[in-house]
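Q: Next up is a structure, given as structure tokens.
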Amino acid sequence: TSAHHDDPLNEAERLTIFSKLEGKDRLINNHKAAWQELWKSDIQIVGDEQAQQDVHSMLYHLYSFVREGSNMSISPMGLSGLGYNGHIFWDSELWMYPALLVMQPKMAKSMIQYRFDRLEAARRNAFNHGYKGAMFPWESAGTGVDETPVWALSGPFEHHITGCVGFAAWNYYAMTQDKEWLRNIGWPLLKETADFWASRVERKGPGKYEINNVVAADEWAENVDNNAFTNAVAITNLKAATKAAILLGIVPDADWSLVAQNIPILQMKDEASGKIITQEHATYKGEGIKQADVNLLAFPLKFITDTAQIRRDLYYYAKRVPDQGTPAMTHAIFSLLSSRLGESNRAYQFFKESYEPNLNPPFRVIAETKGGTNPYFGTGAGGVLQAVLMGFGGLDLTDKGINQIKSTLPKHWKKLIITGVLGKTYVVE
């Protein structure tokens, strides 16, 4: 259509003629060669044939949904159908992007370029809401304006998406250490998103630079104050912008550090255990949650690093996810954290829960929710792949690149082999 080319009819005819005269054999051989190159970045599970098949299916779908050099990103359902109208959400940056960043950095580069190309639209969005910098829309399409239906409060209020974009930009630099890319693409994204948060907070005194009236990452919590994930990703965004400026020899805005130091992360007492838990938002009292929120502070943000606190938060919130109606990726984060905590049995249990109840026959295709029928849910696949790569595989992205930390495999998995990570192979036995 005209969304893809200025002259769609003639281009379709040209490509048809090209394909005809290239010939079937040449086209198929080129197709196979391209896929052989992609599969140099692979995940091999020894000892669990079903998990191997499922993980390969997930990789296949993500590899199919984005193309290096296209400057496009991935919607929750990828290219599998019209779910969510093909729009781009946080599903892209927080769930699918990390697995592709590790396995196919050039695909990940395309995804972050998509955001850069729509930076001006995000600036206008911030201006229209009374903020500075760039405010990325909850649902983004071709033009970069907010495509969220007006009845959905996530459009005007789910602001954590802007922090996710900044976080993804910093992570691309961290993975590749490409300072030229950081200067030209990453820095503008980080600067503008940091400026947004500096204008978004309500300054009520030390430790009280609050971010009020948001839809939380747990979308059942609407119009709440000081949501844990929103606040933590804002702090992470502000700190990353400061680090990027220093790397590039630019004087960072001192206000970024001031704001980052004063955004609160709330805590509460679990009445059942008497232990201190990270509070999801200011009025949270233990109700059920739609999806991971607080637990994302441990990973991928690595904002909470104390092992005891990570375990307390994991045990508390894992009990508050209903059996039905919740998206696939939440249990993937539970699996990843359990693996890093050395809890092999819980990690494998959460791994299975993260996708098996969502599979549709006959090809084990992932739907968004348990028992759902709207496949293929690339967001869920991205979460499960993170559980394998960064959980069982122990891959850990730091500011200076990727390394491997201690992790725990499911007991019947004999070996996990991850190939093609910037030309390296990582093995867990």
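Just so we're on the same page: first chain in the structure tokens is A, next is B, and so on; residues restart at 1 for each chain, and ligands are numbered from 1 in the order they show up.
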So that I can check the secondary structure, give me every residue of stretch 34-172 of chain A assigned strand (DSSP E or B) by backbone DSSP, as a PyMOL selection string.

A: chain A and resi 42-46+88+140+146

Q: Do you know which residues are at most 6 Å from stretch 194-205 of chain A counting only C-alpha atoms, after dropping those on the same chain fewer than 4 positions away, and could you put them as a ChimeraX atom specification?

A: /A:131-134,190,209-211,238

Q: At what distance in Å, to one decimal, does atom CA of A:Gln349 lie from atom CA of A:Thr373?

A: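 Computing it gives 22.9 Å between the two atoms.
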
Q: With only C-alpha atoms as the counted atoms, please give the residues lying no more than 12 Å from stretch 374-378 of chain A, apart from itself and same-chain residues fewer than 2 positions off, as a compact mmCIF listing (two decimals) with C-alpha atoms, in the first residue's frame.

A:
```
# COMPACT_ATOMS: atom_id res chain seq x y z
CA SER A 57 9.80 -21.30 17.34
CA MET A 58 10.05 -18.14 19.45
CA LEU A 59 13.37 -17.18 17.90
CA TYR A 60 12.01 -17.88 14.43
CA HIS A 61 9.05 -15.59 14.94
CA LEU A 62 11.09 -12.69 16.32
CA TYR A 63 13.62 -13.09 13.50
CA SER A 64 10.71 -13.02 11.05
CA PHE A 65 9.05 -9.93 12.51
CA VAL A 66 11.84 -7.37 12.02
CA SER A 73 9.98 -1.99 15.10
CA ILE A 74 7.69 -4.85 16.19
CA SER A 75 4.08 -4.72 17.31
CA PRO A 76 2.83 -7.19 19.96
CA MET A 77 1.58 -9.61 17.29
CA GLY A 78 4.43 -8.95 14.89
CA LEU A 79 3.50 -9.77 11.30
CA SER A 80 1.13 -12.58 12.29
CA GLY A 81 -2.07 -10.58 12.09
CA LEU A 82 -3.84 -7.30 12.80
CA GLY A 83 -3.83 -7.55 16.59
CA TYR A 84 -3.41 -4.11 18.17
CA GLY A 86 0.22 -3.31 14.21
CA ILE A 88 4.26 -0.23 18.62
CA PHE A 89 4.04 -0.33 22.45
CA ASP A 91 6.23 -4.57 24.18
CA SER A 92 8.89 -3.64 21.66
CA LEU A 94 11.08 -3.96 27.13
CA TRP A 95 10.09 -7.44 25.96
CA MET A 96 11.19 -8.24 22.40
CA TYR A 97 14.10 -5.85 21.96
CA ALA A 99 16.43 -10.79 23.23
CA LEU A 100 17.13 -9.40 19.76
CA PRO A 327 -0.35 -11.65 29.51
CA ALA A 328 2.32 -14.29 28.93
CA MET A 329 5.46 -12.39 29.87
CA SER A 354 5.06 -18.39 31.00
CA TYR A 355 3.91 -19.93 27.74
CA ASN A 358 -1.02 -19.95 26.09
CA LEU A 359 -0.25 -22.43 23.31
CA ASN A 360 -2.70 -23.12 20.51
CA PRO A 361 -2.73 -26.41 18.54
CA PHE A 363 1.68 -25.79 16.04
CA ARG A 364 2.08 -24.62 19.66
CA VAL A 365 1.47 -21.01 18.71
CA ILE A 366 1.56 -18.50 21.60
CA ALA A 367 -1.53 -16.42 22.36
CA GLU A 368 -1.47 -13.33 24.54
CA THR A 369 -3.28 -14.91 27.49
CA LYS A 370 -3.91 -18.37 28.91
CA GLY A 371 -6.57 -19.99 26.80
CA GLY A 372 -6.47 -17.06 24.37
CA GLY A 380 5.40 -13.28 25.27
CA ALA A 381 8.06 -14.94 23.11
CA GLY A 382 10.44 -12.08 23.93
CA GLY A 383 9.83 -12.54 27.64
CA VAL A 384 10.43 -16.30 27.51
CA LEU A 385 13.61 -15.83 25.49
```

Q: How many Å lie between atom CA of A:Asp117 and atom CA of A:Ala234, rounded to one decimal?

A: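 About the pair atom CA of A:Asp117 and atom CA of A:Ala234: they are 21.7 Å apart.
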
Q: Ranking A:Glu287, A:Asp178, A:Asp313, A:Glu68 by minimum distance to A:Lys275 and counting only C-alpha atoms, which one comes first?

A: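 Looking at the shortest contact to A:Lys275, the residue is A:Asp313.
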
Q: Which residue out of A:Gly155, A:Gly163, A:Pro105, A:Gly420 has the minimum interatomic distance to A:Thr236 when only C-alpha atoms are used?

A: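 The shortest atom-to-atom distance to A:Thr236 comes from A:Gly163.
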
Q: Which residue gives the smallest distance to A:Tyr348 among A:Asn223, A:Ser273, A:Thr408, A:Thr283, with only C-alpha atoms counted?

A: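 Nearest candidate to A:Tyr348 out of A:Asn223, A:Ser273, A:Thr408, A:Thr283: A:Thr408.
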